file coords-v9.csv (CSV, C-alpha atoms)
chain,number,residue,atom,x,y,z
N,1,MET,CA,110.5,120.7,92.3
N,2,THR,CA,109.1,118.4,95.0
N,3,LEU,CA,110.6,114.9,95.0
N,4,PRO,CA,108.2,112.0,94.1
N,5,LEU,CA,107.3,109.8,97.0
N,6,ILE,CA,108.2,106.7,94.9
N,7,ASP,CA,110.8,106.9,92.1
N,8,ILE,CA,111.3,103.6,90.2
N,9,ARG,CA,114.5,103.5,88.1
N,10,GLY,CA,115.5,100.8,85.7
N,11,LEU,CA,113.7,98.0,87.6
N,12,THR,CA,114.1,94.5,86.1
N,13,LYS,CA,112.8,91.1,87.3
N,14,SER,CA,113.1,87.7,85.6
N,15,PHE,CA,111.9,84.3,86.7
N,16,LYS,CA,113.4,80.9,85.8
N,17,GLN,CA,111.0,78.8,83.8
N,18,GLY,CA,110.4,75.3,85.2
N,19,ARG,CA,112.4,72.7,83.3
N,20,GLY,CA,110.8,69.7,81.8
N,21,LEU,CA,112.3,66.1,81.9
N,22,VAL,CA,114.1,66.5,78.6
N,23,ALA,CA,115.7,69.8,79.6
N,24,ALA,CA,116.8,68.3,83.0
N,25,LEU,CA,118.3,65.2,81.4
N,26,THR,CA,120.2,67.2,78.8
N,27,LEU,CA,121.3,69.8,81.5
N,28,ARG,CA,119.8,72.6,79.4
N,29,LYS,CA,119.9,75.9,81.2
N,30,PRO,CA,116.4,77.1,82.3
N,31,GLN,CA,114.9,79.9,80.2
N,32,LEU,CA,114.2,83.3,81.8
N,33,VAL,CA,110.8,84.9,81.8
N,34,ARG,CA,111.5,88.6,81.7
N,35,ALA,CA,108.6,90.1,83.7
N,36,LEU,CA,110.1,93.6,84.2
N,37,ASN,CA,112.4,95.2,81.6
N,38,GLY,CA,113.7,98.5,82.9
N,39,VAL,CA,110.7,100.1,84.4
N,40,ASP,CA,110.9,103.8,85.1
N,41,LEU,CA,108.1,105.5,86.9
N,42,ALA,CA,107.6,108.3,89.5
N,43,VAL,CA,104.6,108.5,91.8
N,44,ARG,CA,103.9,111.7,93.5
N,45,ARG,CA,102.8,112.1,97.1
N,46,GLY,CA,99.0,112.1,97.5
N,47,GLU,CA,98.1,111.1,93.9
N,48,THR,CA,96.5,108.0,92.5
N,49,MET,CA,98.7,106.4,89.8
N,50,ALA,CA,97.0,103.7,87.8
N,51,ILE,CA,99.0,100.9,86.2
N,52,VAL,CA,97.2,99.3,83.3
N,53,GLY,CA,97.8,96.6,80.6
N,54,GLU,CA,96.9,93.2,79.5
N,55,SER,CA,97.3,90.1,81.7
N,56,GLY,CA,100.9,89.1,81.7
N,57,CYS,CA,102.3,92.5,81.1
N,58,GLY,CA,104.1,92.7,84.5
N,59,LYS,CA,101.6,94.9,86.5
N,60,SER,CA,101.3,92.6,89.5
N,61,THR,CA,105.1,91.7,89.5
N,62,LEU,CA,105.8,95.5,89.7
N,63,ALA,CA,103.4,95.9,92.6
N,64,ARG,CA,105.0,93.0,94.5
N,65,CYS,CA,108.5,94.4,93.9
N,66,LEU,CA,107.3,97.7,95.3
N,67,VAL,CA,106.3,96.1,98.6
N,68,ARG,CA,109.4,93.8,98.7
N,69,LEU,CA,107.4,90.6,98.3
N,70,LEU,CA,109.6,90.0,95.3
N,71,GLU,CA,113.2,91.1,95.0
N,72,PRO,CA,114.1,92.8,91.7
N,73,ASP,CA,117.2,91.7,89.8
N,74,ALA,CA,118.4,95.3,89.2
N,75,GLY,CA,117.3,98.9,89.4
N,76,GLN,CA,116.2,101.2,92.2
N,77,ILE,CA,113.1,101.8,94.2
N,78,LEU,CA,113.6,105.2,95.9
N,79,TYR,CA,111.0,105.9,98.6
N,80,ASP,CA,111.0,109.4,100.0
N,81,GLY,CA,114.6,109.7,98.6
N,82,ALA,CA,116.0,106.5,100.2
N,83,ASP,CA,116.7,103.3,98.3
N,84,ALA,CA,114.2,100.8,99.6
N,85,ARG,CA,116.2,97.9,98.3
N,86,ALA,CA,119.1,98.8,100.6
N,87,LEU,CA,117.0,99.0,103.7
N,88,ALA,CA,117.5,96.6,106.6
N,89,GLY,CA,116.5,96.2,110.2
N,90,GLU,CA,114.4,99.1,111.5
N,91,GLY,CA,114.5,100.9,108.2
N,92,ARG,CA,113.1,97.9,106.4
N,93,ARG,CA,110.4,97.5,109.1
N,94,ASN,CA,109.4,101.1,108.8
N,95,PHE,CA,109.2,100.9,105.0
N,96,ASN,CA,107.0,97.8,105.3
N,97,ARG,CA,104.6,99.8,107.5
N,98,ARG,CA,104.5,102.8,105.3
N,99,VAL,CA,103.8,100.9,102.1
N,100,GLN,CA,100.9,98.5,102.3
N,101,MET,CA,99.2,96.3,99.7
N,102,VAL,CA,95.6,95.1,99.2
N,103,PHE,CA,95.4,91.9,97.2
N,104,GLN,CA,93.0,90.7,94.5
N,105,ASP,CA,91.7,87.8,96.5
N,106,PRO,CA,90.7,89.0,100.0
N,107,GLN,CA,89.6,85.5,101.1
N,108,GLY,CA,93.0,84.1,100.4
N,109,SER,CA,94.7,86.9,102.4
N,110,LEU,CA,92.6,86.5,105.5
N,111,ASN,CA,93.1,83.8,108.1
N,112,PRO,CA,89.9,81.7,108.3
N,113,ARG,CA,90.6,80.6,111.9
N,114,LYS,CA,90.8,84.1,113.4
N,115,THR,CA,88.2,86.7,113.9
N,116,ILE,CA,88.3,90.0,111.9
N,117,GLY,CA,89.0,91.9,115.1
N,118,SER,CA,92.1,89.8,116.0
N,119,GLN,CA,93.4,90.2,112.4
N,120,LEU,CA,93.1,93.9,112.5
N,121,ALA,CA,94.6,94.1,116.0
N,122,GLU,CA,97.6,92.0,115.3
N,123,PRO,CA,99.6,94.5,113.1
N,124,ILE,CA,98.7,97.3,115.5
N,125,ARG,CA,100.2,95.3,118.3
N,126,VAL,CA,103.2,94.0,116.5
N,127,HIS,CA,104.2,97.5,115.3
N,128,ASP,CA,103.4,99.0,118.7
N,129,LEU,CA,101.2,101.7,117.2
N,130,ARG,CA,98.8,102.0,120.1
N,131,ARG,CA,98.7,101.2,123.8
N,132,VAL,CA,97.0,98.0,124.7
N,133,SER,CA,93.9,99.8,126.0
N,134,GLU,CA,93.6,101.7,122.7
N,135,ILE,CA,93.8,98.7,120.3
N,136,LEU,CA,90.1,97.7,120.5
N,137,PRO,CA,88.9,101.3,119.9
N,138,ARG,CA,91.3,101.5,116.9
N,139,VAL,CA,89.9,98.3,115.5
N,140,ARG,CA,86.3,99.7,115.8
N,141,GLU,CA,87.5,102.9,114.1
N,142,LEU,CA,89.0,101.0,111.2
N,143,LEU,CA,85.8,99.0,110.7
N,144,LEU,CA,83.7,102.1,110.6
N,145,MET,CA,86.2,103.8,108.3
N,146,VAL,CA,85.7,101.1,105.6
N,147,GLY,CA,81.9,101.0,106.1
N,148,LEU,CA,81.5,97.9,108.2
N,149,PRO,CA,79.6,97.6,111.5
N,150,ILE,CA,81.5,97.4,114.8
N,151,ASP,CA,80.2,93.9,115.5
N,152,ALA,CA,82.1,92.6,112.5
N,153,ALA,CA,85.1,92.4,114.8
N,154,GLY,CA,83.8,89.2,116.4
N,155,ARG,CA,83.0,87.4,113.2
N,156,TYR,CA,85.1,85.1,110.9
N,157,PRO,CA,86.0,85.8,107.3
N,158,HIS,CA,83.7,83.1,105.8
N,159,VAL,CA,80.5,84.9,106.9
N,160,PHE,CA,81.3,88.0,104.8
N,161,SER,CA,80.6,88.6,101.1
N,162,GLY,CA,83.5,89.3,98.6
N,163,GLY,CA,83.0,93.0,98.8
N,164,GLN,CA,82.9,93.0,102.6
N,165,ARG,CA,86.1,90.9,102.7
N,166,GLN,CA,87.8,93.4,100.4
N,167,ARG,CA,86.8,96.2,102.8
N,168,ILE,CA,88.4,94.1,105.6
N,169,GLY,CA,91.6,93.8,103.5
N,170,ILE,CA,91.6,97.6,103.1
N,171,ALA,CA,91.1,98.1,106.9
N,172,ARG,CA,93.9,95.7,107.7
N,173,ALA,CA,96.3,97.6,105.4
N,174,LEU,CA,95.2,100.9,107.0
N,175,ALA,CA,95.8,99.5,110.5
N,176,LEU,CA,99.5,100.2,110.0
N,177,GLU,CA,98.8,103.9,109.1
N,178,PRO,CA,100.6,103.7,105.7
N,179,GLU,CA,101.4,106.6,103.4
N,180,CYS,CA,101.1,104.5,100.3
N,181,LEU,CA,98.5,101.9,99.4
N,182,ILE,CA,99.0,99.5,96.5
N,183,ALA,CA,95.7,98.1,95.2
N,184,ASP,CA,96.3,95.1,93.0
N,185,GLU,CA,93.2,94.3,90.9
N,186,ILE,CA,91.2,94.6,94.1
N,187,VAL,CA,87.8,94.9,92.3
N,188,SER,CA,88.2,92.5,89.4
N,189,ALA,CA,86.4,89.6,91.1
N,190,LEU,CA,83.5,91.7,92.3
N,191,ASP,CA,80.1,92.6,90.9
N,192,VAL,CA,79.9,95.9,89.0
N,193,SER,CA,77.8,97.6,91.7
N,194,VAL,CA,80.2,96.4,94.4
N,195,GLN,CA,83.2,97.6,92.4
N,196,ALA,CA,81.8,101.1,92.4
N,197,GLN,CA,81.4,101.0,96.2
N,198,ILE,CA,85.0,100.0,96.7
N,199,ILE,CA,86.3,102.6,94.3
N,200,ASN,CA,84.2,105.3,96.0
N,201,LEU,CA,85.6,104.1,99.3
N,202,LEU,CA,89.2,104.4,98.0
N,203,VAL,CA,88.5,107.9,96.8
N,204,ALA,CA,87.1,108.9,100.2
N,205,LEU,CA,89.9,107.4,102.1
N,206,GLN,CA,92.5,109.1,100.0
N,207,LYS,CA,91.0,112.5,100.7
N,208,ARG,CA,90.6,111.7,104.4
N,209,LEU,CA,94.0,110.2,105.0
N,210,ALA,CA,96.1,111.9,102.3
N,211,LEU,CA,97.1,108.5,100.9
N,212,THR,CA,99.2,107.9,97.8
N,213,ILE,CA,97.5,105.1,95.9
N,214,ILE,CA,99.0,102.8,93.2
N,215,PHE,CA,95.9,101.3,91.5
N,216,VAL,CA,96.7,98.2,89.4
N,217,SER,CA,93.9,97.3,87.0
N,218,HIS,CA,92.9,96.2,83.5
N,219,ASP,CA,89.6,98.1,83.6
N,220,LEU,CA,90.1,101.5,81.9
N,221,ARG,CA,86.6,102.7,82.9
N,222,LEU,CA,87.5,102.5,86.6
N,223,VAL,CA,91.0,104.0,85.9
N,224,ARG,CA,89.5,107.1,84.3
N,225,TYR,CA,87.4,107.7,87.3
N,226,ILE,CA,89.9,107.2,90.1
N,227,ALA,CA,93.4,108.0,88.7
N,228,HIS,CA,95.2,111.3,88.4
N,229,ARG,CA,97.8,109.7,86.1
N,230,VAL,CA,98.1,106.5,84.2
N,231,ALA,CA,101.1,104.3,83.3
N,232,VAL,CA,100.5,101.7,80.5
N,233,MET,CA,102.6,98.6,80.6
N,234,TYR,CA,103.5,96.2,77.8
N,235,LEU,CA,105.8,93.2,78.2
N,236,GLY,CA,107.4,94.5,81.3
N,237,ARG,CA,107.9,98.2,80.3
N,238,ILE,CA,106.1,101.4,80.7
N,239,VAL,CA,105.1,102.4,77.1
N,240,GLU,CA,103.1,105.5,78.0
N,241,ALA,CA,102.5,107.6,81.1
N,242,GLY,CA,100.9,110.9,81.8
N,243,PRO,CA,97.8,112.7,83.1
N,244,THR,CA,94.7,110.6,82.8
N,245,GLU,CA,92.7,113.0,80.6
N,246,GLU,CA,95.6,113.5,78.3
N,247,GLU,CA,96.1,109.8,77.8
N,248,PHE,CA,92.4,109.1,77.3
N,249,GLY,CA,91.9,112.1,75.1
N,250,ASP,CA,95.2,112.0,73.1
N,251,PRO,CA,97.0,108.6,73.4
N,252,ARG,CA,100.4,108.7,71.8
N,253,HIS,CA,101.2,105.0,71.8
N,254,PRO,CA,99.3,102.6,69.5
N,255,TYR,CA,98.9,100.1,72.4
N,256,THR,CA,97.2,102.7,74.6
N,257,ALA,CA,94.9,103.6,71.7
N,258,ALA,CA,94.0,100.0,71.1
N,259,LEU,CA,93.2,99.4,74.8
N,260,LEU,CA,91.0,102.4,74.8
N,261,ALA,CA,89.2,101.4,71.6
N,262,ALA,CA,88.6,97.9,73.1
N,263,ALA,CA,87.2,99.2,76.4
N,264,PRO,CA,83.4,98.8,76.7
N,265,SER,CA,81.5,102.1,76.8
N,266,LEU,CA,79.3,103.0,79.8
N,267,ASP,CA,76.8,104.6,77.4
N,268,PHE,CA,74.5,101.8,76.4
N,269,ALA,CA,73.1,103.9,73.5
N,270,ARG,CA,76.6,104.1,72.0
N,271,ARG,CA,77.9,100.7,73.1
N,272,GLU,CA,79.8,98.8,70.4
N,273,THR,CA,81.8,95.7,70.3
N,274,ASN,CA,85.4,96.4,69.4
N,275,ASP,CA,88.2,94.0,68.9
N,276,ALA,CA,90.9,94.0,71.5
N,277,VAL,CA,94.6,94.5,70.5
N,278,ALA,CA,95.3,92.5,67.4
N,279,GLY,CA,97.3,89.3,67.6
N,280,GLU,CA,98.6,87.4,70.6
N,281,LEU,CA,100.8,88.9,73.4
N,282,PRO,CA,104.3,87.7,72.6
N,283,SER,CA,106.0,85.3,75.0
N,284,PRO,CA,108.1,87.0,77.7
N,285,LEU,CA,110.6,84.3,76.9
N,286,ALA,CA,111.2,85.8,73.5
N,287,ILE,CA,110.4,89.5,73.5
N,288,PRO,CA,110.5,90.9,69.9
N,289,LYS,CA,113.5,93.0,68.9
N,290,GLY,CA,113.2,96.7,68.3
N,291,CYS,CA,109.8,97.9,69.6
N,292,ALA,CA,108.2,95.0,71.4
N,293,PHE,CA,104.8,96.0,70.2
N,294,HIS,CA,105.7,96.1,66.5
N,295,PRO,CA,104.2,92.6,65.6
N,296,ARG,CA,100.8,93.8,66.7
N,297,CYS,CA,101.0,97.5,65.8
N,298,PRO,CA,98.8,98.9,63.0
N,299,ARG,CA,101.2,101.8,62.5
N,300,VAL,CA,104.4,99.8,62.3
N,301,ILE,CA,107.3,101.1,60.1
N,302,ALA,CA,110.6,99.5,59.2
N,303,ARG,CA,112.4,101.3,62.0
N,304,CYS,CA,110.2,99.7,64.6
N,305,ARG,CA,111.4,96.2,63.8
N,306,HIS,CA,115.1,96.8,64.7
N,307,GLU,CA,115.3,99.9,66.8
N,308,ALA,CA,113.8,100.3,70.3
N,309,PRO,CA,112.1,103.7,70.7
N,310,GLY,CA,113.2,106.2,73.2
N,311,ASP,CA,110.7,108.3,75.1
N,312,TRP,CA,108.8,111.1,73.4
N,313,ILE,CA,108.2,113.7,76.2
N,314,ALA,CA,105.8,116.7,76.3
N,315,ASP,CA,105.5,118.2,79.7
N,316,GLU,CA,104.2,115.4,81.9
N,317,HIS,CA,103.2,113.1,79.1
N,318,ARG,CA,105.7,110.5,77.7
N,319,ALA,CA,105.4,107.6,75.2
N,320,ALA,CA,107.9,105.1,73.9
N,321,CYS,CA,107.0,105.2,70.3
N,322,HIS,CA,108.9,106.4,67.1
N,323,LEU,CA,105.7,108.0,65.9
N,324,ALA,CA,104.5,109.6,69.1
N,325,ALA,CA,105.2,113.1,67.9
N,326,ALA,CA,103.3,112.6,64.6

call {"tool": "encode", "arguments": {"input": "coords-v9.csv", "output": "structure tokens"}}
result
Amino acid sequence: MTLPLIDIRGLTKSFKQGRGLVAALTLRKPQLVRALNGVDLAVRRGETMAIVGESGCGKSTLARCLVRLLEPDAGQILYDGADARALAGEGRRNFNRRVQMVFQDPQGSLNPRKTIGSQLAEPIRVHDLRRVSEILPRVRELLLMVGLPIDAAGRYPHVFSGGQRQRIGIARALALEPECLIADEIVSALDVSVQAQIINLLVALQKRLALTIIFVSHDLRLVRYIAHRVAVMYLGRIVEAGPTEEEFGDPRHPYTAALLAAAPSLDFARRETNDAVAGELPSPLAIPKGCAFHPRCPRVIARCRHEAPGDWIADEHRAACHLAAA
């Protein structure tokens, strides 16, 4: 069997909560926010893996750990068989080039004082990917690749729309000729029509460049269109993962089923207003015992309250639920 391009094993990440005045005066230890709680996930070469869930479930933390913007507390990130957390020097530099991230806020990730051309040329020059005489042609190629005119190279970020800036962010990531592109909520701030254009662009780029894409989103409508497989996160864990059509057609975790029921339909004739998942997302400072979803689960049984579920597995579909096989 072919090894996955990315194999995440037991990844954990916690953050210390800022202490108030009383806690500081009493020397109380800061509480830990558990953002990732033993994430296991394999991403195959050339596929689009979507990571979905409510705000605060750990999606963006996982994405930032994968590109080493955050350092996990424990676990492994195997990239092409090598432990990315153990890389240093040239190995770390090569990993940084091969795995690139596109951020939610394109304006915040672009330097307002530099032209677009100079921002696309810089990573090419720093990583010595082209001869000096070839850098400008490469910049023009990148702009055309993401659907922008060549003369965009001489302009500054503020003159572009949100959708155009997101195209620039994608072009800058592609400048390093990565194998894997991590897209963190990259269309959430855009108009619906512009969202569709960016998603279509990603699909076209994946086919053209054989990219592996990790698509972080809360919008299940987009996920069904773009993803080959879906991983559903809840309070820092993957609670269900599998082929997209299997999860949408036969969700085995109650949380996945609730998210699908709450997603608005694209069919206006059938559009209904459904409640989102019942109850509030528990605090990551105090994750419930047993199954973390049990306080909000419509199918909860006594076992769920004290025993954490293992994974139910059927071929490529897995779900962490005591009732998944029912």

call {"tool": "atom_distance", "arguments": {"input": "coords-v9.csv", "atom1": "CA of Glu316 (chain N)", "atom2": "CA of Gly242 (chain N)"}}
result
5.6 Å

call {"tool": "residues_around", "arguments": {"input": "coords-v9.csv", "residues": "Gly53 (chain N)", "least_positions_apart": "5", "cutoff": "7 Å", "atoms": "all atoms listed in the file", "output": "number ranges by chain"}}
result
N: 218, 232-234

call {"tool": "atom_distance", "arguments": {"input": "coords-v9.csv", "atom1": "CA of His228 (chain N)", "atom2": "CA of Thr244 (chain N)"}}
result
5.7 Å

call {"tool": "residues_around", "arguments": {"input": "coords-v9.csv", "residues": "His127 (chain N)", "least_positions_apart": "4", "cutoff": "10 Å", "atoms": "all atoms listed in the file", "output": "PyMOL selection string"}}
result
chain N and resi 93-94+97+122-123+175-176

call {"tool": "closest_residue", "arguments": {"input": "coords-v9.csv", "among": "N:Ala302, N:Lys114, N:Ala261, N:Lys289", "to": "Gly249 (chain N)", "atoms": "all atoms listed in the file"}}
result
N:Ala261

call {"tool": "atom_distance", "arguments": {"input": "coords-v9.csv", "atom1": "CA of Asp191 (chain N)", "atom2": "CA of Val223 (chain N)"}}
result
16.5 Å

call {"tool": "closest_residue", "arguments": {"input": "coords-v9.csv", "among": "N:Val187, N:Ala241, N:Val126, N:Leu220", "to": "Leu41 (chain N)", "atoms": "only C-alpha atoms"}}
result
N:Ala241

call {"tool": "closest_residue", "arguments": {"input": "coords-v9.csv", "among": "N:Ile135, N:Ile150, N:Leu78, N:Cys321", "to": "His294 (chain N)", "atoms": "only C-alpha atoms"}}
result
N:Cys321

call {"tool": "residues_around", "arguments": {"input": "coords-v9.csv", "residues": "region 5-20 of chain N", "least_positions_apart": "6", "cutoff": "6 Å", "atoms": "all atoms listed in the file", "output": "VMD selection string"}}
result
chain N and resid 30 to 45 72 to 80

call {"tool": "closest_residue", "arguments": {"input": "coords-v9.csv", "among": "N:Val277, N:Ala308, N:Ala326, N:Phe215", "to": "Pro251 (chain N)", "atoms": "all atoms listed in the file"}}
result
N:Ala326

call {"tool": "closest_residue", "arguments": {"input": "coords-v9.csv", "among": "N:Leu70, N:Ile198, N:Ile238, N:Cys180", "to": "Ala319 (chain N)", "atoms": "all atoms listed in the file"}}
result
N:Ile238

call {"tool": "residues_near_point", "arguments": {"input": "coords-v9.csv", "point": "(91.1, 107.7, 90.2)", "cutoff": "12 Å", "atoms": "all atoms listed in the file", "output": "PyMOL selection string"}}
result
chain N and resi 46-51+183+196+198-207+212-217+219-230+243-245

call {"tool": "residues_around", "arguments": {"input": "coords-v9.csv", "residues": "Arg296 (chain N)", "least_positions_apart": "6", "cutoff": "9 Å", "atoms": "only C-alpha atoms", "output": "list in words"}}
result
Tyr255, Val277, Ala278, Gly279, Glu280 and Leu281 of chain N

call {"tool": "residues_near_point", "arguments": {"input": "coords-v9.csv", "point": "(93.6, 106.8, 105.0)", "cutoff": "8 Å", "atoms": "all atoms listed in the file", "output": "list in words"}}
result
Leu174, Glu177, Pro178, Glu179, Leu205, Gln206, Lys207, Arg208, Leu209, Ala210 and Leu211 of chain N

call {"tool": "build_atoms", "arguments": {"input": "coords-v9.csv", "residues": "region 301-320 of chain N", "atoms": "N, CA and C atoms", "output": "tab-separated table (two decimals), in the frame of the given file"}}
result
chain	number	residue	atom	x	y	z
N	301	ILE	N	106.41	100.70	61.20
N	301	ILE	CA	107.30	101.10	60.10
N	301	ILE	C	108.57	100.26	60.23
N	302	ALA	N	109.41	100.30	59.22
N	302	ALA	CA	110.60	99.50	59.20
N	302	ALA	C	111.49	99.71	60.43
N	303	ARG	N	111.59	100.95	60.84
N	303	ARG	CA	112.40	101.30	62.00
N	303	ARG	C	112.02	100.59	63.26
N	304	CYS	N	110.71	100.34	63.40
N	304	CYS	CA	110.20	99.70	64.60
N	304	CYS	C	110.72	98.29	64.81
N	305	ARG	N	111.06	97.62	63.70
N	305	ARG	CA	111.40	96.20	63.80
N	305	ARG	C	112.85	95.97	64.27
N	306	HIS	N	113.66	97.00	64.27
N	306	HIS	CA	115.10	96.80	64.70
N	306	HIS	C	115.59	97.81	65.68
N	307	GLU	N	114.83	98.89	65.92
N	307	GLU	CA	115.30	99.90	66.80
N	307	GLU	C	114.28	100.21	67.93
N	308	ALA	N	114.70	99.98	69.17
N	308	ALA	CA	113.80	100.30	70.30
N	308	ALA	C	113.61	101.76	70.43
N	309	PRO	N	112.38	102.21	70.60
N	309	PRO	CA	112.10	103.70	70.70
N	309	PRO	C	112.54	104.26	71.99
N	310	GLY	N	113.00	105.48	71.95
N	310	GLY	CA	113.20	106.20	73.20
N	310	GLY	C	111.89	106.89	73.57
N	311	ASP	N	111.91	107.66	74.63
N	311	ASP	CA	110.70	108.30	75.10
N	311	ASP	C	110.46	109.65	74.43
N	312	TRP	N	109.27	109.80	73.84
N	312	TRP	CA	108.80	111.10	73.40
N	312	TRP	C	108.22	111.78	74.70
N	313	ILE	N	108.62	113.01	74.96
N	313	ILE	CA	108.20	113.70	76.20
N	313	ILE	C	107.64	115.07	75.86
N	314	ALA	N	106.45	115.33	76.37
N	314	ALA	CA	105.80	116.70	76.30
N	314	ALA	C	105.24	116.99	77.62
N	315	ASP	N	105.90	117.88	78.35
N	315	ASP	CA	105.50	118.20	79.70
N	315	ASP	C	105.47	116.94	80.57
N	316	GLU	N	104.28	116.52	81.04
N	316	GLU	CA	104.20	115.40	81.90
N	316	GLU	C	103.81	114.08	81.17
N	317	HIS	N	103.67	114.18	79.87
N	317	HIS	CA	103.20	113.10	79.10
N	317	HIS	C	104.41	112.46	78.33
N	318	ARG	N	104.60	111.14	78.43
N	318	ARG	CA	105.70	110.50	77.70
N	318	ARG	C	105.18	109.19	77.08
N	319	ALA	N	105.78	108.85	75.93
N	319	ALA	CA	105.40	107.60	75.20
N	319	ALA	C	106.62	107.05	74.52
N	320	ALA	N	106.78	105.74	74.60
N	320	ALA	CA	107.90	105.10	73.90
N	320	ALA	C	107.46	104.59	72.55
